[in-house]
Amino acid sequence: MVRVPLKKSRYVFALILTVLIFSLGVLIGNVLTNSRVSFTSSLVEEQRLEYDSLQLQYLYLSEFLREENCPAAMFALDQNLRNLEIVRIKLENYLEKDDQSGLKSVKREYTLSELRYWLLSRQAKNICGENNVVSILYFYSSRGCDLCENQGAILTSLKNEFGSHLLVFSIDALFEDEPMISILMDSFEIWETPALVINDELIGGFTKKEELKEIICSKFEDTLTACA
Amino acid sequence: MIDFAFYIIWAGYFISLYFVIFWLLALLENGYNDSVAKKIKDFPVVSVIIPAYNEGERVAKTIESAINLDYPKDKLEIIGVNHGSSDNTLDVMNRYKNAIKIITYPRIGNERKGGAVNAGLKIARGEFVACLDADSSIESKALHKMLPYFEDKDIGAVLPRIIPERPKTVVQRIQYCEYIVVFFFKKMMGSIDCLYTTPGPFSLYRKSVIEKLGGFDAENLTEDMELAIRLQKNNYKIVQTTAVEARTITPSKFKDYLNQRNRWYKGALFNVYKHRSLILNRKYGDFGMLQMPFIPSAAVLSVLVFSIIIINKLIIPLFDKLEAWYYGGFNMSPLIEAIKNFTVWDINLDFMFWFWLLILIQFVIIVWAHKVTKRGLFNEKVYTPFAFLFVYSFTIFIVWWLVIIDLVKMKKQKW
C-alpha cells in the first residue's frame, strides 16, 4: 500500500503547455488589437479627408460670398459630424476593452477632428449668417463619471429631435494627451463633467432633458417645430 | 476594480486550462485501457447492500437487477436495508424475501444513507461488498468483470461506469451527456489515482478494508465521497472500470437537479474541509497535490468567474441602459446605429478567443468521451451535446451560489 511517488515532470510539462497556449492567446490578442488600431486609424484618416474638403468648401464660400451654397455646406458639416460620432463611439468602445494600445493616438486624432469641426462650425455660422443652428461642446469623461452616460443619452435623443439644427461635439475632458483640451477647459472655466458649452455659454454639471431643450430653443432665431 | 476582476478571469482560464491539460497528459501517458485484465477464477462471497428510504416505486427494479447478477446463488448475499421508510418500501422488499435478507434500520438523529449501509455491513458475510442505491440497477455480468481487479491487494474499491436511464427531459439529457463526460474524466483521474468518490450505484469494496477504515460516515452528506477520500488517505487504490455499466435515475426537473447537486457540492466542500490535511500534501501524491485542491478551487473559480462575467457583461450594461433611457427617453437609435455600422472589430475578439478555445477543448472531450463509451454523439436529441456545452457550467455556477447561500444561512440539509 505505497503510493506511486509524485511525478514532477507531468506538473512541469502541463505548466509549460498551459503557458504556451496562454501566450498564444495573448499573441493573437495583440495581433487583433493591432488590426483594430489600423482599422480605426483608417476611419479617422477618412474623416480627415472629409474635413479638408469641407474646409475648402467654406474657404470658397467666404471668398466668393455665395450664400446660396450655404445650405449644402451646412448639411455636409452635419453629415460629417454624424460620421465622426460613429467613429467616436466605436473608439470609446474599443478603448474600454484595451486602453494600453496605439488607439490613444487615434483618439487624439479624432479629438482634433472634433475641435476642428467645432471651430469650422462657428466660422460657417458667420459666413452663412445661420442663426438656426446651435452647437454644443460636450465635455464628458470616460471614467468616474456616472452621469456622463445619461447626459450622452439626453444629447443623443435631442439630436434626434433637432436633426441638423443641433451640432454636438463630444470631448473627453480627462484625455490628457491633447493639450488643446485643457486650453478649452481653462478658457470656459470647466471644473467638472458633464459640462456643456452651448454656443458660448457654459452650463456646468448634469442638465436634465427638458431644461436643456429649453436652453437650446432659446438660442434659435426662429421658432422651430421641435420647440413649439 | 474592473482590472482586478479581469485578472481573476485570466486566472480562471489559466487554472482550468492547466487542470484539463494535466489530466489529458495523464491519460495519454497511461493510455486508455479498456480491457478486463483477467477472467474470474474463484467465486468469493459477495454481499450487495441496497439501502432504501421511501423508494417503494423504484426499489423493485434495483432488487431484481441484484438478483439477476450472474453469480453462484450460494455466494451472493443481497441485503435490503429499509431505512425507516414511511411508504411501501418494506412491502416491496418483502415480495423478494425468499431471495434477499431484509433488515429495517430506524432513522436516528442526523444519520443518512451511510448509517443504513453500515447496518447492512454489520450482518454482511461477503468478502466483498457492493453498495447499490435504490434508484439504480446493475448489469448481470458485473461481478465477473469487477472481481478480478481485486487480485491486486492494494485495490480497495472497483467502480462501474454509471449511465443514466434513457433521458426524457432536457434536464436529463444534459445529465446524460454529463455522466459520459464525467466518466471520461474519472478514467483520466483514475489513471493517476485521483478518484475522489465511490458512487452509490454499485461501487464494489473489499470488506476488510472498509471495516478497517471504520465503515461509512453515517451523518455525511456525501458518504461515498468521504469513504473514497479515506481510501485514498490510506493509500488504497480505486479502479474505474470501463466495461461494467450501472444505470441510475437522474432528476427530471431542474429544481430536483439543483437540490441533488446542492447536496453533492456541499458534501464535497465539507469532506475536503474534513480531510484538509491532504490538501497540497506531497505524501498523498497527485491526489493531495492536484485533486484535493481542485475541488475547492473549482468552486471558487466557478463562482467568481461567472459572477464577474454576469455583473460586468449583463447587469451593469443593462442597468446603465435603463438609466440612460430614464433620462434621455426610450431610444433605440444608438442600438440601430451600432448594428448599422457594425464591423468585425466591434466584437471583443480577445475575450471570444479564450471563450471559444475552452469551448473547443470541452467539445473535443465530449466527442472523445462519447467515442470511448461507444455512444453516438447525437443519439439523444441533436441538441444534447450543445446544451451540455453551453448550459451545464452555468447550472454548476447556480448550484455553487445556492450552496453559498445555504452555508451563510446555516441551513440544515434535507435528504
# chains A, B, ... in the order shown; residues from 1 in each chain; ligands from 1
>>> residues_around(residues="Met74 in chain A", least_positions_apart="4", cutoff="12 Å", atoms="only C-alpha atoms", output="PyMOL selection string")
chain A and resi 54-55+57-58+61+67-70+78-81+117+120-133+163-167
>>> write_last_selection(atoms="N, CA and C atoms", output="mmCIF file, in the first residue's frame")
data_model
loop_
_atom_site.group_PDB
_atom_site.id
_atom_site.type_symbol
_atom_site.label_atom_id
_atom_site.label_comp_id
_atom_site.auth_asym_id
_atom_site.auth_seq_id
_atom_site.Cartn_x
_atom_site.Cartn_y
_atom_site.Cartn_z
ATOM 1 N N LEU A 54 -14.296 69.861 -46.619
ATOM 2 C CA LEU A 54 -15.280 70.799 -46.087
ATOM 3 C C LEU A 54 -14.655 72.174 -45.840
ATOM 4 N N GLN A 55 -13.420 72.115 -45.330
ATOM 5 C CA GLN A 55 -12.738 73.385 -45.049
ATOM 6 C C GLN A 55 -12.569 74.197 -46.333
ATOM 7 N N GLN A 57 -14.459 73.980 -48.895
ATOM 8 C CA GLN A 57 -15.782 74.484 -49.292
ATOM 9 C C GLN A 57 -16.076 75.830 -48.618
ATOM 10 N N TYR A 58 -15.750 75.921 -47.298
ATOM 11 C CA TYR A 58 -16.060 77.156 -46.583
ATOM 12 C C TYR A 58 -15.133 78.286 -46.995
ATOM 13 N N LEU A 61 -16.591 79.571 -49.978
ATOM 14 C CA LEU A 61 -17.788 80.350 -49.666
ATOM 15 C C LEU A 61 -17.421 81.726 -49.141
ATOM 16 N N GLU A 67 -24.006 82.784 -50.871
ATOM 17 C CA GLU A 67 -24.823 82.257 -49.786
ATOM 18 C C GLU A 67 -25.749 81.140 -50.217
ATOM 19 N N GLU A 68 -26.050 81.098 -51.531
ATOM 20 C CA GLU A 68 -26.973 80.034 -51.961
ATOM 21 C C GLU A 68 -26.346 78.649 -51.789
ATOM 22 N N ASN A 69 -25.028 78.603 -51.625
ATOM 23 C CA ASN A 69 -24.388 77.309 -51.405
ATOM 24 C C ASN A 69 -24.313 76.921 -49.927
ATOM 25 N N CYS A 70 -24.692 77.866 -49.067
ATOM 26 C CA CYS A 70 -24.586 77.604 -47.631
ATOM 27 C C CYS A 70 -25.347 76.365 -47.164
ATOM 28 N N ASP A 78 -23.013 68.765 -41.022
ATOM 29 C CA ASP A 78 -23.802 67.922 -40.125
ATOM 30 C C ASP A 78 -23.527 66.444 -40.395
ATOM 31 N N GLN A 79 -23.485 66.068 -41.681
ATOM 32 C CA GLN A 79 -23.227 64.665 -42.031
ATOM 33 C C GLN A 79 -21.863 64.200 -41.523
ATOM 34 N N ASN A 80 -20.856 65.066 -41.742
ATOM 35 C CA ASN A 80 -19.508 64.696 -41.298
ATOM 36 C C ASN A 80 -19.455 64.501 -39.793
ATOM 37 N N LEU A 81 -20.180 65.368 -39.111
ATOM 38 C CA LEU A 81 -20.193 65.294 -37.657
ATOM 39 C C LEU A 81 -20.851 63.996 -37.183
ATOM 40 N N TYR A 117 -13.866 70.691 -36.393
ATOM 41 C CA TYR A 117 -15.246 70.856 -36.846
ATOM 42 C C TYR A 117 -15.980 71.907 -36.025
ATOM 43 N N LEU A 120 -14.814 75.190 -37.191
ATOM 44 C CA LEU A 120 -15.350 75.388 -38.532
ATOM 45 C C LEU A 120 -16.834 75.750 -38.485
ATOM 46 N N SER A 121 -17.552 75.118 -37.548
ATOM 47 C CA SER A 121 -18.997 75.388 -37.467
ATOM 48 C C SER A 121 -19.257 76.836 -37.064
ATOM 49 N N ARG A 122 -18.383 77.371 -36.190
ATOM 50 C CA ARG A 122 -18.543 78.772 -35.788
ATOM 51 C C ARG A 122 -18.280 79.698 -36.978
ATOM 52 N N GLN A 123 -17.230 79.356 -37.706
ATOM 53 C CA GLN A 123 -16.899 80.107 -38.912
ATOM 54 C C GLN A 123 -18.068 80.050 -39.895
ATOM 55 N N ALA A 124 -18.584 78.839 -40.072
ATOM 56 C CA ALA A 124 -19.660 78.616 -41.040
ATOM 57 C C ALA A 124 -20.876 79.452 -40.685
ATOM 58 N N LYS A 125 -21.171 79.515 -39.359
ATOM 59 C CA LYS A 125 -22.345 80.290 -38.952
ATOM 60 C C LYS A 125 -22.168 81.768 -39.317
ATOM 61 N N ASN A 126 -20.940 82.266 -39.171
ATOM 62 C CA ASN A 126 -20.667 83.653 -39.545
ATOM 63 C C ASN A 126 -20.824 83.869 -41.039
ATOM 64 N N ILE A 127 -20.178 82.994 -41.785
ATOM 65 C CA ILE A 127 -20.181 83.137 -43.243
ATOM 66 C C ILE A 127 -21.606 83.085 -43.773
ATOM 67 N N CYS A 128 -22.340 82.108 -43.260
ATOM 68 C CA CYS A 128 -23.663 81.859 -43.820
ATOM 69 C C CYS A 128 -24.760 82.633 -43.109
ATOM 70 N N GLY A 129 -24.410 83.313 -42.019
ATOM 71 C CA GLY A 129 -25.432 84.027 -41.263
ATOM 72 C C GLY A 129 -26.508 83.100 -40.752
ATOM 73 N N GLU A 130 -26.102 81.898 -40.416
ATOM 74 C CA GLU A 130 -27.055 80.881 -39.980
ATOM 75 C C GLU A 130 -27.322 81.040 -38.483
ATOM 76 N N ASN A 131 -28.547 81.363 -38.105
ATOM 77 C CA ASN A 131 -28.871 81.538 -36.695
ATOM 78 C C ASN A 131 -29.806 80.463 -36.169
ATOM 79 N N ASN A 132 -30.061 79.485 -37.000
ATOM 80 C CA ASN A 132 -30.930 78.403 -36.559
ATOM 81 C C ASN A 132 -30.166 77.104 -36.325
ATOM 82 N N VAL A 133 -28.841 77.248 -36.088
ATOM 83 C CA VAL A 133 -28.048 76.071 -35.714
ATOM 84 C C VAL A 133 -27.381 76.349 -34.374
ATOM 85 N N GLY A 163 -32.223 67.281 -35.279
ATOM 86 C CA GLY A 163 -31.564 66.977 -36.552
ATOM 87 C C GLY A 163 -30.393 67.905 -36.809
ATOM 88 N N SER A 164 -30.326 68.466 -38.038
ATOM 89 C CA SER A 164 -29.161 69.270 -38.401
ATOM 90 C C SER A 164 -29.160 70.651 -37.739
ATOM 91 N N HIS A 165 -30.192 70.964 -36.970
ATOM 92 C CA HIS A 165 -30.190 72.250 -36.244
ATOM 93 C C HIS A 165 -29.333 72.187 -34.994
ATOM 94 N N LEU A 166 -28.937 70.986 -34.603
ATOM 95 C CA LEU A 166 -28.128 70.842 -33.393
ATOM 96 C C LEU A 166 -26.844 70.105 -33.753
ATOM 97 N N LEU A 167 -25.702 70.734 -33.428
ATOM 98 C CA LEU A 167 -24.409 70.078 -33.665
ATOM 99 C C LEU A 167 -23.774 69.788 -32.316
#
>>> residues_around(residues="Ile78 in chain B", least_positions_apart="3", cutoff="8 Å", atoms="only C-alpha atoms", output="PyMOL selection string")
chain B and resi 47-50+66-67+99-101
>>> closest_atom_pairs(of="chain B", to="chain A", cutoff="9 Å", atoms="only C-alpha atoms", output="JSON lines")
{"residue": "B:Tyr13", "atom": "CA", "partner": "A:Phe22", "partner_atom": "CA", "distance": 8.7}
{"residue": "B:Phe14", "atom": "CA", "partner": "A:Thr18", "partner_atom": "CA", "distance": 7.0}
{"residue": "B:Ile15", "atom": "CA", "partner": "A:Thr18", "partner_atom": "CA", "distance": 8.7}
{"residue": "B:Leu17", "atom": "CA", "partner": "A:Thr18", "partner_atom": "CA", "distance": 6.3}
{"residue": "B:Tyr18", "atom": "CA", "partner": "A:Thr18", "partner_atom": "CA", "distance": 5.6}
{"residue": "B:Phe19", "atom": "CA", "partner": "A:Ala14", "partner_atom": "CA", "distance": 8.2}
{"residue": "B:Val20", "atom": "CA", "partner": "A:Ala14", "partner_atom": "CA", "distance": 9.0}
{"residue": "B:Ile21", "atom": "CA", "partner": "A:Ala14", "partner_atom": "CA", "distance": 5.8}
{"residue": "B:Phe22", "atom": "CA", "partner": "A:Ala14", "partner_atom": "CA", "distance": 5.2}
{"residue": "B:Trp23", "atom": "CA", "partner": "A:Ala14", "partner_atom": "CA", "distance": 8.9}
{"residue": "B:Leu25", "atom": "CA", "partner": "A:Ala14", "partner_atom": "CA", "distance": 7.3}
{"residue": "B:Ala26", "atom": "CA", "partner": "A:Arg10", "partner_atom": "CA", "distance": 7.7}
{"residue": "B:Lys153", "atom": "CA", "partner": "A:Met1", "partner_atom": "CA", "distance": 8.1}
{"residue": "B:Asp154", "atom": "CA", "partner": "A:Met1", "partner_atom": "CA", "distance": 5.4}
{"residue": "B:Ile155", "atom": "CA", "partner": "A:Met1", "partner_atom": "CA", "distance": 8.7}
{"residue": "B:Ile192", "atom": "CA", "partner": "A:Val4", "partner_atom": "CA", "distance": 8.7}
{"residue": "B:Asp193", "atom": "CA", "partner": "A:Val4", "partner_atom": "CA", "distance": 8.7}
{"residue": "B:Asn234", "atom": "CA", "partner": "A:Met1", "partner_atom": "CA", "distance": 7.9}
{"residue": "B:Asn235", "atom": "CA", "partner": "A:Met1", "partner_atom": "CA", "distance": 5.6}
{"residue": "B:Tyr236", "atom": "CA", "partner": "A:Met1", "partner_atom": "CA", "distance": 6.3}
{"residue": "B:Lys237", "atom": "CA", "partner": "A:Met1", "partner_atom": "CA", "distance": 8.3}
{"residue": "B:Arg282", "atom": "CA", "partner": "A:Leu6", "partner_atom": "CA", "distance": 7.3}
{"residue": "B:Lys283", "atom": "CA", "partner": "A:Arg3", "partner_atom": "CA", "distance": 8.2}
{"residue": "B:Tyr284", "atom": "CA", "partner": "A:Arg3", "partner_atom": "CA", "distance": 7.0}
{"residue": "B:Gly285", "atom": "CA", "partner": "A:Leu6", "partner_atom": "CA", "distance": 4.9}
{"residue": "B:Asp286", "atom": "CA", "partner": "A:Leu6", "partner_atom": "CA", "distance": 6.2}
{"residue": "B:Met289", "atom": "CA", "partner": "A:Leu6", "partner_atom": "CA", "distance": 8.7}
{"residue": "B:Asp320", "atom": "CA", "partner": "A:Glu149", "partner_atom": "CA", "distance": 7.7}
{"residue": "B:Lys321", "atom": "CA", "partner": "A:Asn150", "partner_atom": "CA", "distance": 8.8}
{"residue": "B:Glu323", "atom": "CA", "partner": "A:Asn150", "partner_atom": "CA", "distance": 6.8}
{"residue": "B:Ala324", "atom": "CA", "partner": "A:Asn150", "partner_atom": "CA", "distance": 4.6}
{"residue": "B:Trp325", "atom": "CA", "partner": "A:Ala153", "partner_atom": "CA", "distance": 7.2}
{"residue": "B:Tyr326", "atom": "CA", "partner": "A:Asn150", "partner_atom": "CA", "distance": 8.4}
{"residue": "B:Tyr327", "atom": "CA", "partner": "A:Asn150", "partner_atom": "CA", "distance": 6.1}
{"residue": "B:Gly328", "atom": "CA", "partner": "A:Ile154", "partner_atom": "CA", "distance": 4.0}
{"residue": "B:Gly329", "atom": "CA", "partner": "A:Ser157", "partner_atom": "CA", "distance": 7.2}
{"residue": "B:Phe330", "atom": "CA", "partner": "A:Ser157", "partner_atom": "CA", "distance": 8.7}
{"residue": "B:Asn331", "atom": "CA", "partner": "A:Ser157", "partner_atom": "CA", "distance": 6.9}
{"residue": "B:Ser333", "atom": "CA", "partner": "A:Ser157", "partner_atom": "CA", "distance": 8.4}
{"residue": "B:Pro334", "atom": "CA", "partner": "A:Thr156", "partner_atom": "CA", "distance": 7.9}
{"residue": "B:Glu337", "atom": "CA", "partner": "A:Ile86", "partner_atom": "CA", "distance": 7.9}
{"residue": "B:Ala338", "atom": "CA", "partner": "A:Ile86", "partner_atom": "CA", "distance": 8.1}
{"residue": "B:Asn341", "atom": "CA", "partner": "A:Ile86", "partner_atom": "CA", "distance": 7.7}
{"residue": "B:Trp345", "atom": "CA", "partner": "A:Arg36", "partner_atom": "CA", "distance": 6.0}
{"residue": "B:Asp346", "atom": "CA", "partner": "A:Lys90", "partner_atom": "CA", "distance": 7.2}
{"residue": "B:Asn348", "atom": "CA", "partner": "A:Lys97", "partner_atom": "CA", "distance": 7.3}
{"residue": "B:Leu349", "atom": "CA", "partner": "A:Leu32", "partner_atom": "CA", "distance": 7.2}
{"residue": "B:Asp350", "atom": "CA", "partner": "A:Gly29", "partner_atom": "CA", "distance": 4.9}
{"residue": "B:Phe351", "atom": "CA", "partner": "A:Gly29", "partner_atom": "CA", "distance": 8.5}
{"residue": "B:Phe353", "atom": "CA", "partner": "A:Gly25", "partner_atom": "CA", "distance": 7.1}
{"residue": "B:Trp354", "atom": "CA", "partner": "A:Gly25", "partner_atom": "CA", "distance": 7.1}
>>> select_by_dssp(residues="range 29-226 of chain B", states="strand (DSSP E)", output="VMD selection string")
chain B and resid 46 to 52 76 to 82 101 to 104 128 to 132 136 to 138 155 to 164 201 to 206
>>> residues_around(residues="Ile136 in chain A", least_positions_apart="6", cutoff="7 Å", atoms="only C-alpha atoms", output="list of chain:residue names")
A:Leu167, A:Val168, A:Phe169, A:Leu196, A:Val197, A:Ile198, A:Asn199
>>> select_by_dssp(residues="range 71-220 of chain B", states="alpha helix (DSSP H)", output="PDB file with C-alpha atoms, in the first residue's frame")
ATOM      1  CA  THR B  89     -40.665   0.157   0.586  1.00  0.00           C
ATOM      2  CA  LEU B  90     -40.819  -2.670   3.139  1.00  0.00           C
ATOM      3  CA  ASP B  91     -43.799  -4.323   1.400  1.00  0.00           C
ATOM      4  CA  VAL B  92     -41.958  -4.215  -1.923  1.00  0.00           C
ATOM      5  CA  MET B  93     -38.862  -5.705  -0.331  1.00  0.00           C
ATOM      6  CA  ASN B  94     -40.930  -8.435   1.295  1.00  0.00           C
ATOM      7  CA  LYS B 113     -27.565   6.734   3.898  1.00  0.00           C
ATOM      8  CA  GLY B 114     -24.167   5.953   5.437  1.00  0.00           C
ATOM      9  CA  GLY B 115     -25.907   4.732   8.606  1.00  0.00           C
ATOM     10  CA  ALA B 116     -28.128   2.365   6.648  1.00  0.00           C
ATOM     11  CA  VAL B 117     -25.204   0.925   4.674  1.00  0.00           C
ATOM     12  CA  ASN B 118     -23.269   0.441   7.916  1.00  0.00           C
ATOM     13  CA  ALA B 119     -26.205  -1.528   9.319  1.00  0.00           C
ATOM     14  CA  GLY B 120     -26.078  -3.764   6.239  1.00  0.00           C
ATOM     15  CA  LEU B 121     -22.288  -4.085   6.567  1.00  0.00           C
ATOM     16  CA  LYS B 122     -22.700  -5.376  10.108  1.00  0.00           C
ATOM     17  CA  ILE B 123     -24.563  -8.500   9.001  1.00  0.00           C
ATOM     18  CA  ALA B 142     -20.828  -7.011 -13.390  1.00  0.00           C
ATOM     19  CA  LEU B 143     -19.202  -9.203 -10.749  1.00  0.00           C
ATOM     20  CA  HIS B 144     -17.410 -11.309 -13.359  1.00  0.00           C
ATOM     21  CA  LYS B 145     -15.802  -8.210 -14.744  1.00  0.00           C
ATOM     22  CA  MET B 146     -15.118  -6.402 -11.476  1.00  0.00           C
ATOM     23  CA  VAL B 170     -33.921  18.377 -21.290  1.00  0.00           C
ATOM     24  CA  VAL B 171     -32.504  18.355 -17.770  1.00  0.00           C
ATOM     25  CA  GLN B 172     -31.989  14.597 -18.003  1.00  0.00           C
ATOM     26  CA  ARG B 173     -30.406  14.854 -21.441  1.00  0.00           C
ATOM     27  CA  ILE B 174     -27.861  17.338 -20.174  1.00  0.00           C
ATOM     28  CA  GLN B 175     -27.098  14.986 -17.302  1.00  0.00           C
ATOM     29  CA  TYR B 176     -26.819  12.090 -19.726  1.00  0.00           C
ATOM     30  CA  CYS B 177     -24.084  13.915 -21.565  1.00  0.00           C
ATOM     31  CA  GLU B 178     -22.592  14.952 -18.241  1.00  0.00           C
ATOM     32  CA  TYR B 179     -22.307  11.371 -16.964  1.00  0.00           C
ATOM     33  CA  ILE B 180     -20.500  10.327 -20.139  1.00  0.00           C
ATOM     34  CA  VAL B 181     -18.051  13.229 -19.860  1.00  0.00           C
ATOM     35  CA  VAL B 182     -17.636  12.769 -16.108  1.00  0.00           C
ATOM     36  CA  PHE B 183     -16.855   9.110 -16.689  1.00  0.00           C
ATOM     37  CA  PHE B 184     -14.155  10.138 -19.110  1.00  0.00           C
ATOM     38  CA  PHE B 185     -12.687  12.495 -16.522  1.00  0.00           C
ATOM     39  CA  LYS B 186     -12.842   9.721 -13.940  1.00  0.00           C
ATOM     40  CA  LYS B 187     -10.946   7.475 -16.282  1.00  0.00           C
ATOM     41  CA  MET B 188      -8.292  10.189 -16.554  1.00  0.00           C
ATOM     42  CA  MET B 189      -8.253  10.736 -12.793  1.00  0.00           C
ATOM     43  CA  GLY B 190      -8.208   7.001 -12.168  1.00  0.00           C
ATOM     44  CA  SER B 191      -5.074   6.633 -14.260  1.00  0.00           C
ATOM     45  CA  LYS B 207     -14.965  -5.567   3.005  1.00  0.00           C
ATOM     46  CA  SER B 208     -11.875  -5.973   5.205  1.00  0.00           C
ATOM     47  CA  VAL B 209     -10.717  -2.552   4.031  1.00  0.00           C
ATOM     48  CA  ILE B 210     -13.966  -0.785   4.834  1.00  0.00           C
ATOM     49  CA  GLU B 211     -14.057  -2.491   8.214  1.00  0.00           C
ATOM     50  CA  LYS B 212     -10.507  -1.400   8.897  1.00  0.00           C
ATOM     51  CA  LEU B 213     -11.435   2.152   7.991  1.00  0.00           C
TER      52      LEU B 213
END
>>> atom_distance(atom1="CA of Glu165 in chain B", atom2="CA of Asp217 in chain B")
28.4 Å
>>> atom_distance(atom1="CA of Ile366 in chain B", atom2="CA of Ile311 in chain B")
29.1 Å
>>> residues_around(residues="Gly288 in chain B", least_positions_apart="6", cutoff="7 Å", atoms="only C-alpha atoms", output="ChimeraX atom specification")
/B:278-282
>>> write_last_selection(atoms="all heavy atoms", output="PDB file, in the first residue's frame")
ATOM      1  N   LEU B 278      -4.869  16.657   3.690  1.00  0.00           N
ATOM      2  CA  LEU B 278      -4.352  16.074   2.443  1.00  0.00           C
ATOM      3  C   LEU B 278      -4.019  17.136   1.406  1.00  0.00           C
ATOM      4  O   LEU B 278      -3.252  16.884   0.474  1.00  0.00           O
ATOM      5  CB  LEU B 278      -5.386  15.112   1.834  1.00  0.00           C
ATOM      6  CG  LEU B 278      -5.364  13.660   2.308  1.00  0.00           C
ATOM      7  CD1 LEU B 278      -5.886  13.551   3.722  1.00  0.00           C
ATOM      8  CD2 LEU B 278      -6.197  12.797   1.384  1.00  0.00           C
ATOM      9  N   ILE B 279      -4.646  18.325   1.555  1.00  0.00           N
ATOM     10  CA  ILE B 279      -4.506  19.342   0.520  1.00  0.00           C
ATOM     11  C   ILE B 279      -3.047  19.760   0.377  1.00  0.00           C
ATOM     12  O   ILE B 279      -2.404  20.130   1.363  1.00  0.00           O
ATOM     13  CB  ILE B 279      -5.390  20.574   0.834  1.00  0.00           C
ATOM     14  CG1 ILE B 279      -6.853  20.163   0.846  1.00  0.00           C
ATOM     15  CG2 ILE B 279      -5.153  21.689  -0.182  1.00  0.00           C
ATOM     16  CD1 ILE B 279      -7.805  21.269   1.212  1.00  0.00           C
ATOM     17  N   LEU B 280      -2.543  19.693  -0.844  1.00  0.00           N
ATOM     18  CA  LEU B 280      -1.166  20.057  -1.180  1.00  0.00           C
ATOM     19  C   LEU B 280      -0.142  19.299  -0.342  1.00  0.00           C
ATOM     20  O   LEU B 280       0.959  19.794  -0.090  1.00  0.00           O
ATOM     21  CB  LEU B 280      -0.960  21.580  -1.038  1.00  0.00           C
ATOM     22  CG  LEU B 280      -1.740  22.443  -2.019  1.00  0.00           C
ATOM     23  CD1 LEU B 280      -1.481  23.923  -1.773  1.00  0.00           C
ATOM     24  CD2 LEU B 280      -1.376  22.105  -3.464  1.00  0.00           C
ATOM     25  N   ASN B 281      -0.544  18.088   0.089  1.00  0.00           N
ATOM     26  CA  ASN B 281       0.367  17.263   0.862  1.00  0.00           C
ATOM     27  C   ASN B 281       1.037  16.259  -0.076  1.00  0.00           C
ATOM     28  O   ASN B 281       0.389  15.392  -0.640  1.00  0.00           O
ATOM     29  CB  ASN B 281      -0.436  16.534   1.950  1.00  0.00           C
ATOM     30  CG  ASN B 281       0.450  15.852   2.958  1.00  0.00           C
ATOM     31  OD1 ASN B 281       1.579  15.488   2.645  1.00  0.00           O
ATOM     32  ND2 ASN B 281      -0.053  15.690   4.165  1.00  0.00           N
ATOM     33  N   ARG B 282       2.337  16.392  -0.229  1.00  0.00           N
ATOM     34  CA  ARG B 282       3.060  15.569  -1.216  1.00  0.00           C
ATOM     35  C   ARG B 282       2.992  14.089  -0.883  1.00  0.00           C
ATOM     36  O   ARG B 282       3.141  13.239  -1.759  1.00  0.00           O
ATOM     37  CB  ARG B 282       4.525  15.989  -1.273  1.00  0.00           C
ATOM     38  CG  ARG B 282       4.737  17.393  -1.761  1.00  0.00           C
ATOM     39  CD  ARG B 282       6.211  17.713  -1.695  1.00  0.00           C
ATOM     40  NE  ARG B 282       6.927  16.855  -2.635  1.00  0.00           N
ATOM     41  CZ  ARG B 282       7.515  17.310  -3.732  1.00  0.00           C
ATOM     42  NH1 ARG B 282       7.476  18.594  -3.986  1.00  0.00           N
ATOM     43  NH2 ARG B 282       8.142  16.508  -4.554  1.00  0.00           N
TER      44      ARG B 282
END
>>> atom_distance(atom1="CA of Ile249 in chain B", atom2="CA of Ala157 in chain B")
22.5 Å
>>> residues_around(residues="Tyr265 in chain B", least_positions_apart="2", cutoff="8 Å", atoms="only C-alpha atoms", output="ChimeraX atom specification")
/B:261-263,267-269,399-400,403
>>> write_last_selection(atoms="N, CA, C and O atoms", output="PDB file, in the first residue's frame")
ATOM      1  N   ARG B 261     -27.544  18.429  -6.649  1.00  0.00           N
ATOM      2  CA  ARG B 261     -26.193  18.970  -6.775  1.00  0.00           C
ATOM      3  C   ARG B 261     -25.801  19.789  -5.553  1.00  0.00           C
ATOM      4  O   ARG B 261     -24.666  19.800  -5.122  1.00  0.00           O
ATOM      5  N   ASN B 262     -26.787  20.493  -5.036  1.00  0.00           N
ATOM      6  CA  ASN B 262     -26.551  21.276  -3.833  1.00  0.00           C
ATOM      7  C   ASN B 262     -25.995  20.357  -2.739  1.00  0.00           C
ATOM      8  O   ASN B 262     -24.990  20.665  -2.099  1.00  0.00           O
ATOM      9  N   ARG B 263     -26.638  19.201  -2.576  1.00  0.00           N
ATOM     10  CA  ARG B 263     -26.185  18.258  -1.549  1.00  0.00           C
ATOM     11  C   ARG B 263     -24.787  17.725  -1.899  1.00  0.00           C
ATOM     12  O   ARG B 263     -23.904  17.679  -1.049  1.00  0.00           O
ATOM     13  N   GLY B 267     -21.567  18.599   0.275  1.00  0.00           N
ATOM     14  CA  GLY B 267     -20.858  17.447   0.830  1.00  0.00           C
ATOM     15  C   GLY B 267     -19.394  17.466   0.433  1.00  0.00           C
ATOM     16  O   GLY B 267     -18.507  17.212   1.254  1.00  0.00           O
ATOM     17  N   ALA B 268     -19.143  17.806  -0.835  1.00  0.00           N
ATOM     18  CA  ALA B 268     -17.760  17.842  -1.319  1.00  0.00           C
ATOM     19  C   ALA B 268     -16.947  18.851  -0.527  1.00  0.00           C
ATOM     20  O   ALA B 268     -15.837  18.564  -0.069  1.00  0.00           O
ATOM     21  N   LEU B 269     -17.538  20.043  -0.321  1.00  0.00           N
ATOM     22  CA  LEU B 269     -16.825  21.071   0.439  1.00  0.00           C
ATOM     23  C   LEU B 269     -16.541  20.601   1.858  1.00  0.00           C
ATOM     24  O   LEU B 269     -15.424  20.726   2.367  1.00  0.00           O
ATOM     25  N   VAL B 399     -25.619  26.300  -8.769  1.00  0.00           N
ATOM     26  CA  VAL B 399     -25.572  25.411  -7.608  1.00  0.00           C
ATOM     27  C   VAL B 399     -24.595  25.932  -6.564  1.00  0.00           C
ATOM     28  O   VAL B 399     -24.922  26.013  -5.377  1.00  0.00           O
ATOM     29  N   TRP B 400     -23.418  26.379  -7.007  1.00  0.00           N
ATOM     30  CA  TRP B 400     -22.438  26.874  -6.036  1.00  0.00           C
ATOM     31  C   TRP B 400     -22.982  28.083  -5.281  1.00  0.00           C
ATOM     32  O   TRP B 400     -22.748  28.231  -4.088  1.00  0.00           O
ATOM     33  N   VAL B 403     -25.302  26.835  -2.729  1.00  0.00           N
ATOM     34  CA  VAL B 403     -24.533  26.278  -1.611  1.00  0.00           C
ATOM     35  C   VAL B 403     -24.063  27.402  -0.696  1.00  0.00           C
ATOM     36  O   VAL B 403     -24.199  27.331   0.527  1.00  0.00           O
TER      37      VAL B 403
END
